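Have a look at final.cif; it's mmCIF, C-alpha atoms:
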```cif
data_model
loop_
_atom_site.label_atom_id
_atom_site.label_comp_id
_atom_site.auth_asym_id
_atom_site.auth_seq_id
_atom_site.Cartn_x
_atom_site.Cartn_y
_atom_site.Cartn_z
CA MET B 1 -42.45 -109.69 -61.42
CA ARG B 2 -38.87 -108.49 -61.81
CA LEU B 3 -37.15 -107.69 -65.06
CA TYR B 4 -33.36 -107.45 -65.34
CA LEU B 5 -31.93 -105.75 -68.42
CA VAL B 6 -28.26 -106.45 -69.08
CA ARG B 7 -25.78 -105.09 -71.56
CA HIS B 8 -23.26 -107.75 -72.62
CA GLY B 9 -19.69 -107.58 -71.30
CA LYS B 10 -16.76 -106.01 -73.11
CA SER B 11 -16.00 -107.84 -76.35
CA ASP B 12 -13.12 -108.42 -78.71
CA PHE B 13 -13.27 -106.73 -82.05
CA GLY B 14 -13.81 -108.83 -85.13
CA PRO B 15 -14.91 -108.66 -88.76
CA ASP B 16 -18.33 -110.22 -88.14
CA ASP B 17 -20.21 -108.19 -85.53
CA ALA B 18 -22.72 -110.97 -84.83
CA LYS B 19 -19.89 -113.35 -83.87
CA ARG B 20 -17.77 -111.09 -81.69
CA GLU B 21 -16.91 -112.82 -78.42
CA LEU B 22 -16.49 -111.54 -74.87
CA SER B 23 -12.95 -110.46 -74.06
CA ALA B 24 -11.13 -111.78 -70.96
CA ARG B 25 -11.98 -108.51 -69.25
CA GLY B 26 -15.62 -108.84 -70.33
CA ARG B 27 -15.87 -112.34 -68.85
CA HIS B 28 -14.24 -111.20 -65.65
CA ASP B 29 -16.69 -108.27 -65.37
CA ILE B 30 -19.74 -110.46 -65.92
CA GLU B 31 -18.53 -113.05 -63.42
CA ALA B 32 -18.08 -110.31 -60.82
CA VAL B 33 -21.60 -108.98 -61.43
CA ALA B 34 -23.09 -112.50 -61.44
CA ASN B 35 -21.40 -113.33 -58.13
CA HIS B 36 -22.63 -110.06 -56.68
CA LEU B 37 -26.21 -110.98 -57.62
CA ALA B 38 -25.81 -114.52 -56.31
CA ALA B 39 -24.58 -113.17 -52.97
CA GLN B 40 -27.90 -111.33 -52.64
CA ASP B 41 -29.81 -114.41 -53.78
CA ILE B 42 -31.12 -112.52 -56.82
CA ARG B 43 -32.12 -115.41 -59.04
CA PRO B 44 -34.08 -114.69 -62.20
CA GLU B 45 -36.25 -117.64 -63.17
CA ARG B 46 -35.35 -117.31 -66.82
CA ILE B 47 -32.49 -115.79 -68.83
CA ARG B 48 -32.94 -114.66 -72.42
CA TYR B 49 -30.31 -113.43 -74.85
CA SER B 50 -30.09 -111.79 -78.25
CA THR B 51 -29.05 -113.52 -81.45
CA LEU B 52 -25.51 -112.10 -81.19
CA THR B 53 -22.70 -114.23 -79.71
CA ARG B 54 -21.52 -111.76 -77.06
CA ALA B 55 -25.01 -111.59 -75.53
CA ARG B 56 -25.31 -115.38 -75.45
CA GLN B 57 -21.89 -115.68 -73.79
CA THR B 58 -22.94 -113.09 -71.22
CA ALA B 59 -26.15 -115.03 -70.55
CA GLU B 60 -24.16 -118.28 -70.17
CA ILE B 61 -21.99 -116.80 -67.44
CA PHE B 62 -25.05 -115.50 -65.56
CA ALA B 63 -26.84 -118.84 -66.02
CA ASN B 64 -23.86 -120.81 -64.68
CA VAL B 65 -23.82 -118.73 -61.51
CA LEU B 66 -27.53 -117.98 -60.99
CA ILE B 67 -29.01 -121.29 -62.22
CA PRO B 68 -32.35 -119.98 -63.59
CA ARG B 69 -35.17 -122.47 -62.93
CA HIS B 70 -36.51 -122.23 -66.48
CA GLY B 71 -33.12 -122.14 -68.17
CA MET B 72 -31.98 -119.79 -70.93
CA GLN B 73 -33.48 -119.10 -74.34
CA GLU B 74 -32.65 -116.97 -77.35
CA LEU B 75 -34.89 -113.96 -77.90
CA GLU B 76 -35.07 -112.03 -81.13
CA GLY B 77 -35.64 -108.31 -81.07
CA VAL B 78 -33.16 -107.20 -78.38
CA GLU B 79 -30.29 -106.62 -80.79
CA PRO B 80 -28.91 -103.07 -81.13
CA TRP B 81 -31.56 -102.37 -83.76
CA GLY B 82 -34.47 -103.98 -81.83
CA ASP B 83 -37.89 -102.35 -81.44
CA VAL B 84 -38.31 -101.31 -77.80
CA GLY B 85 -42.09 -100.94 -78.04
CA ALA B 86 -42.46 -104.51 -79.27
CA PHE B 87 -40.10 -105.70 -76.54
CA ALA B 88 -42.06 -103.86 -73.82
CA ALA B 89 -45.27 -105.48 -75.05
CA LYS B 90 -43.65 -108.93 -74.75
CA ALA B 91 -42.21 -108.22 -71.31
CA ALA B 92 -45.60 -106.98 -70.09
CA ALA B 93 -46.96 -110.50 -70.59
CA TRP B 94 -44.12 -112.35 -68.82
CA ASP B 95 -44.86 -113.93 -65.45
CA ASP B 96 -41.41 -115.30 -64.62
CA SER B 97 -38.76 -112.96 -63.31
CA THR B 98 -36.55 -112.64 -66.36
CA MET B 99 -33.06 -111.44 -67.20
CA VAL B 100 -32.50 -110.24 -70.77
CA CYS B 101 -28.96 -109.93 -72.15
CA GLY B 102 -28.66 -107.54 -75.07
CA HIS B 103 -26.98 -104.45 -76.41
CA GLU B 104 -26.77 -100.71 -76.63
CA PRO B 105 -28.44 -98.56 -77.77
CA PHE B 106 -31.38 -100.94 -77.31
CA MET B 107 -31.12 -101.46 -73.54
CA GLY B 108 -30.89 -97.76 -72.67
CA ALA B 109 -33.86 -96.99 -74.90
CA ALA B 110 -35.79 -99.97 -73.49
CA ALA B 111 -35.12 -98.77 -69.93
CA ALA B 112 -36.37 -95.28 -70.82
CA TYR B 113 -39.41 -96.77 -72.54
CA LEU B 114 -40.32 -99.01 -69.59
CA LEU B 115 -39.98 -96.10 -67.16
CA THR B 116 -41.53 -93.27 -69.16
CA GLY B 117 -43.37 -94.76 -72.15
CA ASN B 118 -40.93 -92.95 -74.41
CA ALA B 119 -37.74 -94.48 -75.86
CA ARG B 120 -35.72 -91.36 -75.19
CA ALA B 121 -32.03 -91.69 -75.89
CA HIS B 122 -29.35 -90.60 -73.40
CA MET B 123 -31.55 -90.95 -70.32
CA VAL B 124 -29.73 -93.98 -68.92
CA LEU B 125 -26.00 -94.60 -69.24
CA VAL B 126 -25.64 -98.33 -69.88
CA LYS B 127 -22.01 -99.38 -69.85
CA THR B 128 -20.95 -102.92 -70.71
CA GLY B 129 -21.84 -105.41 -67.98
CA THR B 130 -24.50 -103.14 -66.44
CA VAL B 131 -27.62 -104.73 -64.91
CA MET B 132 -30.83 -102.72 -64.40
CA ALA B 133 -33.62 -104.13 -62.22
CA PHE B 134 -37.25 -103.11 -62.70
CA GLU B 135 -40.46 -104.02 -60.96
CA ARG B 136 -43.89 -103.77 -62.44
CA SER B 137 -45.77 -100.90 -60.89
CA PRO B 138 -48.97 -101.84 -59.08
CA HIS B 139 -50.55 -98.82 -60.80
CA GLY B 140 -50.89 -98.98 -64.56
CA PRO B 141 -48.50 -100.34 -67.16
CA ALA B 142 -45.33 -98.47 -66.11
CA TRP B 143 -42.32 -100.07 -64.48
CA ALA B 144 -40.29 -98.71 -61.59
CA MET B 145 -36.52 -98.83 -61.32
CA ARG B 146 -35.23 -100.80 -58.32
CA TRP B 147 -31.48 -100.68 -58.80
CA MET B 148 -28.77 -100.42 -61.42
CA ILE B 149 -25.18 -101.60 -61.09
CA SER B 150 -22.12 -101.77 -63.30
CA PRO B 151 -18.90 -103.80 -63.02
CA ARG B 152 -16.95 -100.65 -62.27
CA LEU B 153 -19.17 -99.96 -59.26
CA ILE B 154 -18.70 -103.45 -57.85
CA ARG B 155 -15.00 -103.68 -58.55
CA GLY B 156 -14.07 -100.14 -57.66
CA PRO B 157 -11.28 -98.14 -59.31
CA LYS B 158 -8.62 -100.32 -57.69
CA GLY B 159 -9.92 -103.44 -59.42
CA GLU B 160 -9.83 -101.62 -62.71
CA ASP B 161 -6.13 -100.87 -62.40
CA GLU B 162 -5.33 -104.50 -61.77
CA LEU B 163 -6.70 -105.62 -65.11
CA MET J 1 -21.21 -82.97 -62.57
CA LYS J 2 -22.96 -85.62 -60.51
CA LEU J 3 -25.94 -85.53 -58.20
CA TYR J 4 -26.39 -88.32 -55.65
CA LEU J 5 -29.93 -88.68 -54.28
CA VAL J 6 -30.15 -90.52 -50.97
CA GLN J 7 -33.15 -91.54 -48.90
CA HIS J 8 -32.21 -91.59 -45.20
CA ALA J 9 -31.66 -95.09 -43.80
CA GLU J 10 -34.31 -96.90 -41.73
CA ALA J 11 -35.40 -94.80 -38.75
CA LYS J 12 -37.39 -95.46 -35.57
CA SER J 13 -41.02 -94.45 -35.59
CA LYS J 14 -42.25 -91.32 -33.88
CA GLY J 15 -43.93 -93.51 -31.27
CA GLU J 16 -40.68 -95.31 -30.41
CA GLU J 17 -38.55 -92.18 -30.28
CA PRO J 18 -39.87 -88.67 -31.09
CA THR J 19 -36.55 -87.51 -32.64
CA ARG J 20 -36.60 -90.56 -34.97
CA PRO J 21 -32.94 -91.67 -34.93
CA LEU J 22 -31.81 -94.50 -37.22
CA THR J 23 -32.57 -98.04 -36.12
CA ASP J 24 -29.71 -100.52 -35.67
CA LYS J 25 -30.50 -101.82 -39.15
CA GLY J 26 -30.45 -98.26 -40.49
CA VAL J 27 -27.03 -97.62 -38.95
CA GLY J 28 -25.74 -100.89 -40.42
CA ASP J 29 -27.22 -100.17 -43.85
CA ALA J 30 -25.70 -96.68 -43.93
CA SER J 31 -22.35 -98.08 -42.85
CA ASN J 32 -22.44 -100.77 -45.56
CA MET J 33 -23.41 -98.19 -48.17
CA ALA J 34 -20.59 -95.90 -47.02
CA ALA J 35 -18.04 -98.69 -47.33
CA PHE J 36 -19.41 -99.60 -50.72
CA LEU J 37 -19.22 -96.00 -52.00
CA LYS J 38 -15.68 -95.70 -50.73
CA ALA J 39 -14.61 -98.94 -52.43
CA ALA J 40 -16.32 -97.81 -55.65
CA GLY J 41 -14.25 -94.63 -55.59
CA VAL J 42 -17.18 -92.25 -55.14
CA ARG J 43 -16.09 -88.78 -53.96
CA VAL J 44 -18.22 -85.65 -53.80
CA ASP J 45 -17.69 -81.94 -53.20
CA GLU J 46 -20.56 -81.47 -50.79
CA VAL J 47 -22.96 -83.54 -48.67
CA ALA J 48 -26.21 -81.79 -47.74
CA HIS J 49 -29.21 -83.00 -45.79
CA SER J 50 -32.60 -81.79 -44.72
CA GLY J 51 -31.80 -81.10 -41.08
CA LYS J 52 -33.76 -83.91 -39.39
CA LEU J 53 -31.83 -86.36 -37.19
CA ARG J 54 -32.31 -89.41 -39.47
CA ALA J 55 -31.06 -87.48 -42.51
CA ASP J 56 -28.16 -85.99 -40.52
CA GLN J 57 -27.07 -89.44 -39.28
CA THR J 58 -27.25 -90.90 -42.78
CA ALA J 59 -25.39 -87.94 -44.29
CA ARG J 60 -22.61 -88.18 -41.71
CA ALA J 61 -22.20 -91.93 -42.23
CA LEU J 62 -21.93 -91.54 -46.02
CA GLY J 63 -19.99 -88.27 -45.76
CA ARG J 64 -17.16 -89.97 -43.88
CA ALA J 65 -16.66 -92.16 -46.95
CA VAL J 66 -17.24 -89.74 -49.82
CA TRP J 67 -16.26 -86.39 -48.33
CA PRO J 68 -13.79 -87.10 -45.54
CA ASP J 69 -12.85 -84.39 -43.02
CA GLU J 70 -15.62 -82.04 -44.10
CA PRO J 71 -18.79 -81.28 -42.14
CA VAL J 72 -22.12 -82.08 -43.74
CA VAL J 73 -24.37 -79.08 -44.35
CA VAL J 74 -28.09 -78.47 -43.98
CA MET J 75 -29.94 -77.45 -47.13
CA GLU J 76 -33.39 -76.01 -47.68
CA GLY J 77 -35.84 -77.48 -50.10
CA LEU J 78 -35.27 -81.12 -49.12
CA GLY J 79 -38.59 -81.67 -47.33
CA PRO J 80 -40.56 -84.78 -48.28
CA ASN J 81 -43.10 -82.81 -50.30
CA ASP J 82 -41.00 -79.84 -51.39
CA GLY J 83 -40.94 -78.89 -55.06
CA THR J 84 -37.78 -79.82 -56.94
CA ASP J 85 -36.81 -76.38 -58.28
CA HIS J 86 -34.57 -75.39 -55.39
CA VAL J 87 -32.42 -78.52 -55.34
CA LEU J 88 -32.30 -78.65 -59.13
CA HIS J 89 -30.95 -75.12 -59.27
CA ALA J 90 -28.54 -75.84 -56.43
CA ALA J 91 -27.23 -78.91 -58.24
CA GLN J 92 -26.83 -77.03 -61.49
CA ALA J 93 -25.04 -74.17 -59.72
CA ALA J 94 -22.88 -76.41 -57.53
CA GLY J 95 -20.00 -76.65 -59.99
CA GLY J 96 -19.06 -79.98 -58.41
CA ASP J 97 -20.57 -83.27 -57.31
CA LEU J 98 -23.36 -82.95 -54.75
CA MET J 99 -24.94 -85.57 -52.48
CA VAL J 100 -28.31 -84.74 -50.93
CA VAL J 101 -29.93 -86.80 -48.17
CA GLY J 102 -33.64 -86.53 -47.47
CA TYR J 103 -36.95 -88.31 -47.78
CA MET J 104 -39.46 -89.97 -50.03
CA PRO J 105 -41.33 -89.00 -52.08
CA PHE J 106 -39.01 -86.06 -52.73
CA MET J 107 -36.05 -88.17 -53.91
CA ALA J 108 -38.08 -90.11 -56.48
CA ARG J 109 -39.65 -86.88 -57.73
CA MET J 110 -36.22 -85.27 -57.97
CA ALA J 111 -34.92 -88.20 -60.04
CA ALA J 112 -37.95 -88.00 -62.32
CA ARG J 113 -37.60 -84.24 -62.67
CA CYS J 114 -33.93 -84.50 -63.71
CA LEU J 115 -34.44 -87.41 -66.10
CA THR J 116 -37.75 -86.47 -67.71
CA GLY J 117 -38.39 -82.81 -66.85
CA SER J 118 -41.49 -83.80 -64.88
CA GLU J 119 -41.73 -84.76 -61.19
CA ASP J 120 -44.00 -87.68 -62.01
CA GLY J 121 -42.29 -88.60 -65.30
CA LEU J 122 -41.10 -91.99 -64.03
CA SER J 123 -41.02 -93.99 -60.82
CA VAL J 124 -38.04 -95.08 -58.81
CA ALA J 125 -38.55 -97.66 -56.08
CA PHE J 126 -36.42 -96.11 -53.34
CA GLU J 127 -36.18 -97.87 -50.01
CA PRO J 128 -34.59 -96.34 -46.91
CA GLY J 129 -30.84 -96.04 -47.40
CA SER J 130 -30.93 -96.15 -51.22
CA VAL J 131 -28.51 -94.05 -53.31
CA LEU J 132 -29.15 -93.00 -56.91
CA CYS J 133 -26.45 -91.38 -59.06
CA LEU J 134 -27.25 -88.92 -61.85
CA GLU J 135 -24.84 -87.01 -64.06
CA ARG J 136 -25.48 -83.84 -65.95
CA THR J 137 -24.07 -84.15 -69.46
CA GLU J 138 -24.49 -82.20 -72.66
CA ASP J 139 -27.52 -84.42 -73.32
CA GLY J 140 -29.07 -83.41 -69.99
CA TRP J 141 -29.28 -85.53 -66.84
CA VAL J 142 -28.40 -89.18 -67.24
CA LEU J 143 -28.99 -92.08 -64.83
CA HIS J 144 -25.73 -93.82 -63.89
CA TRP J 145 -26.59 -96.29 -61.16
CA MET J 146 -28.73 -97.01 -58.14
CA MET J 147 -27.98 -99.12 -55.05
CA ARG J 148 -30.30 -100.20 -52.25
CA PRO J 149 -29.42 -101.73 -48.88
CA SER J 150 -31.17 -104.92 -49.98
CA ASN J 151 -28.47 -105.20 -52.64
CA TRP J 152 -26.45 -106.86 -49.89
CA PRO J 153 -27.04 -109.85 -47.70
CA PRO J 154 -27.68 -108.51 -44.18
CA THR J 155 -24.42 -109.70 -42.69
CA GLU J 156 -22.01 -108.57 -45.37
CA VAL J 157 -19.95 -105.46 -44.73
CA PHE J 158 -17.69 -104.02 -47.39
CA ASN J 159 -14.48 -103.17 -45.61
#
```
Could you spell out this file's structure in structure tokens?
Amino acid sequence: MRLYLVRHGKSDFGPDDAKRELSARGRHDIEAVANHLAAQDIRPERIRYSTLTRARQTAEIFANVLIPRHGMQELEGVEPWGDVGAFAAKAAAWDDSTMVCGHEPFMGAAAAYLLTGNARAHMVLVKTGTVMAFERSPHGPAWAMRWMISPRLIRGPKGEDEL
Amino acid sequence: MKLYLVQHAEAKSKGEEPTRPLTDKGVGDASNMAAFLKAAGVRVDEVAHSGKLRADQTARALGRAVWPDEPVVVMEGLGPNDGTDHVLHAAQAAGGDLMVVGYMPFMARMAARCLTGSEDGLSVAFEPGSVLCLERTEDGWVLHWMMRPSNWPPTEVFN
């Protein structure tokens, strides 16, 4: 079983944090990452997203490109303030390979928790548009990291200048 | 300051070839990774490897992209089962970005040591030809990214 943790793309600022939308740059970044995954035939069976607009919009772009077999659903508890222990317990019971679109500092803490059992801060640098792939370890409850990519890595510094 | 941990690309078995050079797939994977690193703007101040042919070939392929016109160097302490102290101290003393090319399980233990303080503090699923990027910040070592050859379809070359 594979688990893909995603931080939403760059977003416009706005008065209501829950309703902030992806910026043009954010959409462009997520499309680039989604196409990169599609080119490798990485196709999560299910995509879940937080209750905040920018995470749903991120999930929609991934879903349009990757066409998850079981569609996309909202998931509470992966907002910036989410409880990583509760999330890890949920993910431990999932059978479908699942992509989860959420936020910092939750995703970095969740990654640390899945890998070490401890939600240590500042262990993983999760920039906007980053995808982290984990596989369940055959030994015990821990997860192993498979790969981690960011839009900047895919686009390169040249692509950044063009935007 | 960044530390790039690299497992050598796929190599022939001892039975096929006692010096264990890279397979054709290994050469292709290293070449794809090199082109990818170049396009991503990765540059380092030193590329070091363990001295064995498969590590040397991988280091040279990546070195051409991330450290052009400089020879790769051989470094001690990169054996598959070596402790992580030596490379950790070398990375901390390097004063620049360092790429080290060697074997499993050393590379996964090195990543765990940097990120958690313990060589078995977490597991990283390296495969031959994988690259993992760490940065030392004021909060300690931080994981930036990790790429594996299977992150590309077999025919695609980034050029």
Report task. Name the residues that the PyMOL selection byres ((chain J and resi 133) around 7) picks from the file above, as a PyMOL selection string, using the file's chain letters and numbers. Result -> chain J and resi 2-5+131-132+134-135+143-146
Given the file above and the PyMOL selection byres ((chain J) within 7 of (chain B)), which residues are selected, and can you give them as a CSV table (one decimal) with C-alpha atoms, in the frame of the given file?
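part-v9.csv, freshly written:
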```csv
chain,number,residue,atom,x,y,z
J,39,ALA,CA,-14.6,-98.9,-52.4
J,40,ALA,CA,-16.3,-97.8,-55.6
J,41,GLY,CA,-14.2,-94.6,-55.6
J,115,LEU,CA,-34.4,-87.4,-66.1
J,121,GLY,CA,-42.3,-88.6,-65.3
J,122,LEU,CA,-41.1,-92.0,-64.0
J,123,SER,CA,-41.0,-94.0,-60.8
J,124,VAL,CA,-38.0,-95.1,-58.8
J,125,ALA,CA,-38.6,-97.7,-56.1
J,126,PHE,CA,-36.4,-96.1,-53.3
J,139,ASP,CA,-27.5,-84.4,-73.3
J,141,TRP,CA,-29.3,-85.5,-66.8
J,142,VAL,CA,-28.4,-89.2,-67.2
J,143,LEU,CA,-29.0,-92.1,-64.8
J,144,HIS,CA,-25.7,-93.8,-63.9
J,145,TRP,CA,-26.6,-96.3,-61.2
J,146,MET,CA,-28.7,-97.0,-58.1
J,147,MET,CA,-28.0,-99.1,-55.0
J,148,ARG,CA,-30.3,-100.2,-52.2
J,151,ASN,CA,-28.5,-105.2,-52.6
J,152,TRP,CA,-26.4,-106.9,-49.9
J,153,PRO,CA,-27.0,-109.8,-47.7
```
Report summary line: Separating atom CA of Ala112 of chain J from atom CA of Arg60 of chain J, to the nearest tenth of an Å, is a gap of 25.7 Å
**Report entry** Residues matched by the PyMOL selection byres ((chain J and resi 119) around 10), written as a PyMOL selection string
**Finding:** chain J and resi 83-84+106-118+120-123
Query raised in the report: Can you tell me how far atom CA of Phe36 of chain J sits from atom CA of Trp67 of chain J, in Å to one decimal?
Result: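 Taking atom CA of Phe36 of chain J and atom CA of Trp67 of chain J, their separation equals 13.8 Å.
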Requested in this report: Would you list the contacts of Gly77 of chain B as a PyMOL selection string, taking every protein, DNA or RNA residue within 12 Å and counting all atoms listed in the file, but skipping same-chain residues closer than 5 positions in sequence?
Outcome: chain B and resi 48-52+82-91+100-103+106-107+110
Please produce a file of the residues just selected, as a tab-separated table (two decimals), keeping the file's coordinate frame, where the atoms kept are C-alpha atoms.
```tsv
chain	number	residue	atom	x	y	z
B	48	ARG	CA	-32.94	-114.66	-72.42
B	49	TYR	CA	-30.31	-113.43	-74.85
B	50	SER	CA	-30.09	-111.79	-78.25
B	51	THR	CA	-29.05	-113.52	-81.45
B	52	LEU	CA	-25.51	-112.10	-81.19
B	82	GLY	CA	-34.47	-103.98	-81.83
B	83	ASP	CA	-37.89	-102.35	-81.44
B	84	VAL	CA	-38.31	-101.31	-77.80
B	85	GLY	CA	-42.09	-100.94	-78.04
B	86	ALA	CA	-42.46	-104.51	-79.27
B	87	PHE	CA	-40.10	-105.70	-76.54
B	88	ALA	CA	-42.06	-103.86	-73.82
B	89	ALA	CA	-45.27	-105.48	-75.05
B	90	LYS	CA	-43.65	-108.93	-74.75
B	91	ALA	CA	-42.21	-108.22	-71.31
B	100	VAL	CA	-32.50	-110.24	-70.77
B	101	CYS	CA	-28.96	-109.93	-72.15
B	102	GLY	CA	-28.66	-107.54	-75.07
B	103	HIS	CA	-26.98	-104.45	-76.41
B	106	PHE	CA	-31.38	-100.94	-77.31
B	107	MET	CA	-31.12	-101.46	-73.54
B	110	ALA	CA	-35.79	-99.97	-73.49
```
Query - For atom CA of Gly102 of chain J and atom CA of Pro80 of chain J, the interatomic separation in Å (one decimal) - result: 7.2 Å
Query raised in the report: Within 9 Å of Val47 of chain J, counting all atoms listed in the file, which residues qualify if same-chain residues fewer than 6 places away don't, as a PyMOL selection string?
Result: chain J and resi 59-60+62-63+66-67+70-74+97-101
Take the residues that were just selected and, keeping C-alpha atoms, output them as a short mmCIF file (atom, residue, chain, number, x, y, z; two decimals), in the frame of the given file.
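Result went into out.cif, see below:
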```cif
data_model
loop_
_atom_site.label_atom_id
_atom_site.label_comp_id
_atom_site.auth_asym_id
_atom_site.auth_seq_id
_atom_site.Cartn_x
_atom_site.Cartn_y
_atom_site.Cartn_z
CA ALA J 59 -25.39 -87.94 -44.29
CA ARG J 60 -22.61 -88.18 -41.71
CA LEU J 62 -21.93 -91.54 -46.02
CA GLY J 63 -19.99 -88.27 -45.76
CA VAL J 66 -17.24 -89.74 -49.82
CA TRP J 67 -16.26 -86.39 -48.33
CA GLU J 70 -15.62 -82.04 -44.10
CA PRO J 71 -18.79 -81.28 -42.14
CA VAL J 72 -22.12 -82.08 -43.74
CA VAL J 73 -24.37 -79.08 -44.35
CA VAL J 74 -28.09 -78.47 -43.98
CA ASP J 97 -20.57 -83.27 -57.31
CA LEU J 98 -23.36 -82.95 -54.75
CA MET J 99 -24.94 -85.57 -52.48
CA VAL J 100 -28.31 -84.74 -50.93
CA VAL J 101 -29.93 -86.80 -48.17
#
```
Report task. Find the residues around Ala63 of chain B up to 8 Å (only C-alpha atoms counted), leave out those fewer than 6 positions away in its own chain, and share them as a list in words. Result ->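 Everything that qualifies: Ile47, Gly71 and Met72 of chain B.
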Query raised in the report: Looking at only C-alpha atoms, which of B:Gly129, B:Ser11, B:Ala55, B:Ile61 is the one that sits closest to Asp29 of chain B?
Result: B:Gly129
Report task. Have a look at B:Glu21, B:Asp12, B:Glu74, B:Asp96 and name the one nearest to Arg46 of chain B; count all atoms listed in the file. Result -> B:Asp96
Query raised in the report: Counting all atoms listed in the file, which of B:Ala24, B:Ala109, B:Val6, B:Ala18 gets nearest to Phe62 of chain B?
Result: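 Of all the options, B:Val6 lies closest to Phe62 of chain B.
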Requested in this report: Just the residues within 7 Å of Ser97 of chain B, please, counting all atoms listed in the file, with nothing from its chain fewer than 6 positions along; format it as an NGL selection string.
Outcome: :B and (1-3 or 44-46)
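Counting only C-alpha atoms and comparing B:Ala111, B:Asn64, B:Val33, B:Thr53, the residue that lies closest to Arg20 of chain B is B:Thr53.
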Requested in this report: Name all residues at most 8 Å from Ala55 of chain J (count only C-alpha atoms; drop same-chain ones fewer than 4 positions away) and give them as a ChimeraX atom specification.
Outcome: /J:7-9,49-51,59,101-103
Using the incomplete input, complete segment 94-108 of chain J to the level of N, CA and C atoms; output as an mmCIF file, in the coordinates of the input.
```cif
data_model
loop_
_atom_site.group_PDB
_atom_site.id
_atom_site.type_symbol
_atom_site.label_atom_id
_atom_site.label_comp_id
_atom_site.auth_asym_id
_atom_site.auth_seq_id
_atom_site.Cartn_x
_atom_site.Cartn_y
_atom_site.Cartn_z
ATOM 1 N N ALA J 94 -23.891 -75.929 -58.481
ATOM 2 C CA ALA J 94 -22.880 -76.410 -57.530
ATOM 3 C C ALA J 94 -21.472 -76.391 -58.115
ATOM 4 N N GLY J 95 -21.333 -76.653 -59.394
ATOM 5 C CA GLY J 95 -20.000 -76.650 -59.990
ATOM 6 C C GLY J 95 -19.170 -77.846 -59.567
ATOM 7 N N GLY J 96 -19.770 -78.775 -58.845
ATOM 8 C CA GLY J 96 -19.060 -79.980 -58.410
ATOM 9 C C GLY J 96 -20.092 -81.059 -58.166
ATOM 10 N N ASP J 97 -19.651 -82.161 -57.566
ATOM 11 C CA ASP J 97 -20.570 -83.270 -57.310
ATOM 12 C C ASP J 97 -21.246 -83.077 -55.954
ATOM 13 N N LEU J 98 -22.554 -83.241 -55.943
ATOM 14 C CA LEU J 98 -23.360 -82.950 -54.750
ATOM 15 C C LEU J 98 -24.118 -84.204 -54.329
ATOM 16 N N MET J 99 -24.103 -84.489 -53.017
ATOM 17 C CA MET J 99 -24.940 -85.570 -52.480
ATOM 18 C C MET J 99 -25.984 -84.945 -51.564
ATOM 19 N N VAL J 100 -27.256 -85.255 -51.805
ATOM 20 C CA VAL J 100 -28.310 -84.740 -50.930
ATOM 21 C C VAL J 100 -29.041 -85.903 -50.263
ATOM 22 N N VAL J 101 -29.291 -85.747 -48.958
ATOM 23 C CA VAL J 101 -29.930 -86.800 -48.170
ATOM 24 C C VAL J 101 -31.256 -86.278 -47.633
ATOM 25 N N GLY J 102 -32.324 -86.970 -47.925
ATOM 26 C CA GLY J 102 -33.640 -86.530 -47.470
ATOM 27 C C GLY J 102 -34.627 -87.681 -47.466
ATOM 28 N N TYR J 103 -35.818 -87.401 -47.980
ATOM 29 C CA TYR J 103 -36.950 -88.310 -47.780
ATOM 30 C C TYR J 103 -37.603 -88.709 -49.093
ATOM 31 N N MET J 104 -38.481 -89.690 -48.976
ATOM 32 C CA MET J 104 -39.460 -89.970 -50.030
ATOM 33 C C MET J 104 -40.716 -89.166 -49.683
ATOM 34 N N PRO J 105 -41.521 -88.728 -50.660
ATOM 35 C CA PRO J 105 -41.330 -89.000 -52.080
ATOM 36 C C PRO J 105 -40.417 -88.024 -52.809
ATOM 37 N N PHE J 106 -39.802 -87.085 -52.055
ATOM 38 C CA PHE J 106 -39.010 -86.060 -52.730
ATOM 39 C C PHE J 106 -37.942 -86.661 -53.647
ATOM 40 N N MET J 107 -37.199 -87.659 -53.143
ATOM 41 C CA MET J 107 -36.050 -88.170 -53.910
ATOM 42 C C MET J 107 -36.483 -88.785 -55.241
ATOM 43 N N ALA J 108 -37.599 -89.515 -55.224
ATOM 44 C CA ALA J 108 -38.080 -90.110 -56.480
ATOM 45 C C ALA J 108 -38.556 -89.014 -57.437
#
```
